[in-house]
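Below is one structure, written out as structure tokens; the observations come after it.
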Amino acid sequence: MKLIVRLLLSALAVVVLANILNGVSVDGYVTAIIVALVLSILNLFVKPILVILTLPITILTLGLFLIIVNALVILLADNLISGFAVDGIWWAVLFSILLSVLQSLLHSFLNDD
């Protein structure tokens with residue numbers, strides 16, 4: 001049950017950010033749920049591979065390159081989902097940062113048993 005609540009909170013964060021940012025658009029609430037689900041799956045499977053492949057540059061930039069890796073995952077989700085659009089890498093970077101902040105704020109309201 002907690003997984004479904006987290007997924008819905010992530011979808012809410014996607015909708016809120018799509019309404020705030022000009023470079024990000026989501027067609028509807030169902031698309032936002034699909035975006036949250038696809039981002040979760042990509043973060044589970046694709047992101048660790050990207051982190052390992054970009055480890056030298058991540059070390060050189062003291063971890064700041066992970067922001068670009070997150071943006072690449074968001075752009076990959078943009079290519080996979082037809083109702084979700086991000087206009088460029090910089091919008092993806094901004095969306096990634098704000099999504100992380102908003103998700104941590106929303107998930108902090110859940111009680112961890």
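Ligands are numbered from 1 in the order shown, residues from 1 within each chain, and chains are lettered A, B, ... in the order they appear in the structure tokens.
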Identify all residues of segment 25-93 of chain A in strand (DSSP E) (DSSP on the backbone) and supply them as an MDAnalysis selection string. chainID A and resid 25:26 84:86
Write out as CSV the residues of segment 58-103 of chain A that have any atom within 12 Å of an atom of segment 47-52 of chain A, one row each with the nearest atom pair and its distance in Å to one decimal, counting only C-alpha atoms, sorted by chain and then rising number.
```
residue,atom,partner,partner_atom,distance
A:Thr58,CA,A:Val51,CA,8.0
A:Ile59,CA,A:Val51,CA,10.6
A:Gly63,CA,A:Val51,CA,10.1
A:Leu64,CA,A:Val51,CA,11.7
A:Phe65,CA,A:Val51,CA,9.2
A:Leu66,CA,A:Val51,CA,7.3
A:Ile67,CA,A:Val51,CA,10.7
A:Ile68,CA,A:Val51,CA,10.3
A:Val69,CA,A:Leu50,CA,6.9
A:Asn70,CA,A:Lys47,CA,7.6
A:Ala71,CA,A:Lys47,CA,10.5
A:Leu72,CA,A:Lys47,CA,9.0
A:Val73,CA,A:Lys47,CA,6.9
A:Ile74,CA,A:Lys47,CA,10.4
A:Leu76,CA,A:Lys47,CA,10.7
A:Ala77,CA,A:Lys47,CA,11.8
```
Atoms kept (N, CA and C atoms) for selection, written as an mmCIF file, in the first residue's frame:
```
data_model
loop_
_atom_site.group_PDB
_atom_site.id
_atom_site.type_symbol
_atom_site.label_atom_id
_atom_site.label_comp_id
_atom_site.auth_asym_id
_atom_site.auth_seq_id
_atom_site.Cartn_x
_atom_site.Cartn_y
_atom_site.Cartn_z
ATOM 1 N N THR A 58 32.124 11.376 -12.937
ATOM 2 C CA THR A 58 31.423 11.693 -11.689
ATOM 3 C C THR A 58 32.424 11.961 -10.573
ATOM 4 N N ILE A 59 33.487 11.196 -10.537
ATOM 5 C CA ILE A 59 34.531 11.419 -9.525
ATOM 6 C C ILE A 59 35.232 12.751 -9.771
ATOM 7 N N GLY A 63 30.737 14.366 -8.002
ATOM 8 C CA GLY A 63 29.362 13.913 -7.915
ATOM 9 C C GLY A 63 28.340 14.786 -8.612
ATOM 10 N N LEU A 64 28.759 15.942 -9.110
ATOM 11 C CA LEU A 64 27.804 16.836 -9.761
ATOM 12 C C LEU A 64 27.295 16.295 -11.092
ATOM 13 N N PHE A 65 28.042 15.388 -11.701
ATOM 14 C CA PHE A 65 27.605 14.816 -12.969
ATOM 15 C C PHE A 65 26.371 13.930 -12.787
ATOM 16 N N LEU A 66 26.091 13.518 -11.563
ATOM 17 C CA LEU A 66 24.887 12.721 -11.310
ATOM 18 C C LEU A 66 23.614 13.507 -11.626
ATOM 19 N N ILE A 67 23.692 14.823 -11.571
ATOM 20 C CA ILE A 67 22.549 15.647 -11.972
ATOM 21 C C ILE A 67 22.277 15.461 -13.461
ATOM 22 N N ILE A 68 23.335 15.393 -14.253
ATOM 23 C CA ILE A 68 23.185 15.159 -15.690
ATOM 24 C C ILE A 68 22.658 13.755 -15.944
ATOM 25 N N VAL A 69 23.103 12.783 -15.159
ATOM 26 C CA VAL A 69 22.602 11.418 -15.298
ATOM 27 C C VAL A 69 21.102 11.386 -15.010
ATOM 28 N N ASN A 70 20.661 12.089 -13.976
ATOM 29 C CA ASN A 70 19.227 12.175 -13.681
ATOM 30 C C ASN A 70 18.470 12.833 -14.833
ATOM 31 N N ALA A 71 19.052 13.867 -15.417
ATOM 32 C CA ALA A 71 18.411 14.540 -16.550
ATOM 33 C C ALA A 71 18.323 13.606 -17.753
ATOM 34 N N LEU A 72 19.333 12.788 -17.969
ATOM 35 C CA LEU A 72 19.297 11.822 -19.071
ATOM 36 C C LEU A 72 18.214 10.775 -18.865
ATOM 37 N N VAL A 73 18.010 10.370 -17.625
ATOM 38 C CA VAL A 73 16.935 9.419 -17.321
ATOM 39 C C VAL A 73 15.580 10.071 -17.601
ATOM 40 N N ILE A 74 15.423 11.329 -17.277
ATOM 41 C CA ILE A 74 14.169 12.031 -17.547
ATOM 42 C C ILE A 74 13.956 12.193 -19.049
ATOM 43 N N LEU A 76 15.075 10.157 -21.292
ATOM 44 C CA LEU A 76 14.725 8.819 -21.767
ATOM 45 C C LEU A 76 13.252 8.533 -21.519
ATOM 46 N N ALA A 77 12.750 8.949 -20.356
ATOM 47 C CA ALA A 77 11.319 8.801 -20.075
ATOM 48 C C ALA A 77 10.494 9.648 -21.033
#
```
Which residues are near Val14 of chain A? Cut-off 10 Å, only C-alpha atoms, ignore same chain within fewer than 4 positions. Put them as a list in words. Leu8, Leu9, Ser10, Ala18, Asn19, Ile20, Val24, Ser25, Val26, Tyr29, Thr31, Ala32, Ile33, Val35, Ala36, Phe84, Phe95, Leu98, Leu99, Leu102 and Gln103 of chain A
Residues as selected, C-alpha atoms, written as a tab-separated table (two decimals), in the first residue's frame, can you do that?
```
chain	number	residue	atom	x	y	z
A	8	LEU	CA	0.72	8.71	-6.42
A	9	LEU	CA	2.75	11.34	-4.55
A	10	SER	CA	5.40	11.19	-7.27
A	18	ALA	CA	4.60	20.39	-15.26
A	19	ASN	CA	2.21	23.22	-14.38
A	20	ILE	CA	5.03	25.39	-13.00
A	24	VAL	CA	7.79	20.39	-19.22
A	25	SER	CA	4.31	19.21	-20.14
A	26	VAL	CA	2.11	16.29	-19.12
A	29	TYR	CA	-3.17	12.68	-14.47
A	31	THR	CA	0.06	10.19	-17.92
A	32	ALA	CA	1.61	11.59	-14.74
A	33	ILE	CA	1.10	8.24	-13.01
A	35	VAL	CA	5.61	9.00	-15.86
A	36	ALA	CA	6.12	8.30	-12.15
A	84	PHE	CA	5.16	13.62	-21.47
A	95	PHE	CA	12.86	19.25	-13.52
A	98	LEU	CA	12.83	20.22	-8.37
A	99	LEU	CA	11.28	16.74	-8.61
A	102	LEU	CA	9.32	18.02	-4.06
A	103	GLN	CA	9.31	14.23	-3.72
```
Which residues in segment 9-69 of chain A does DSSP call helix (DSSP H, G or I)? List them as a ChimeraX atom specification. /A:9-20,29-53,55-60,65-69
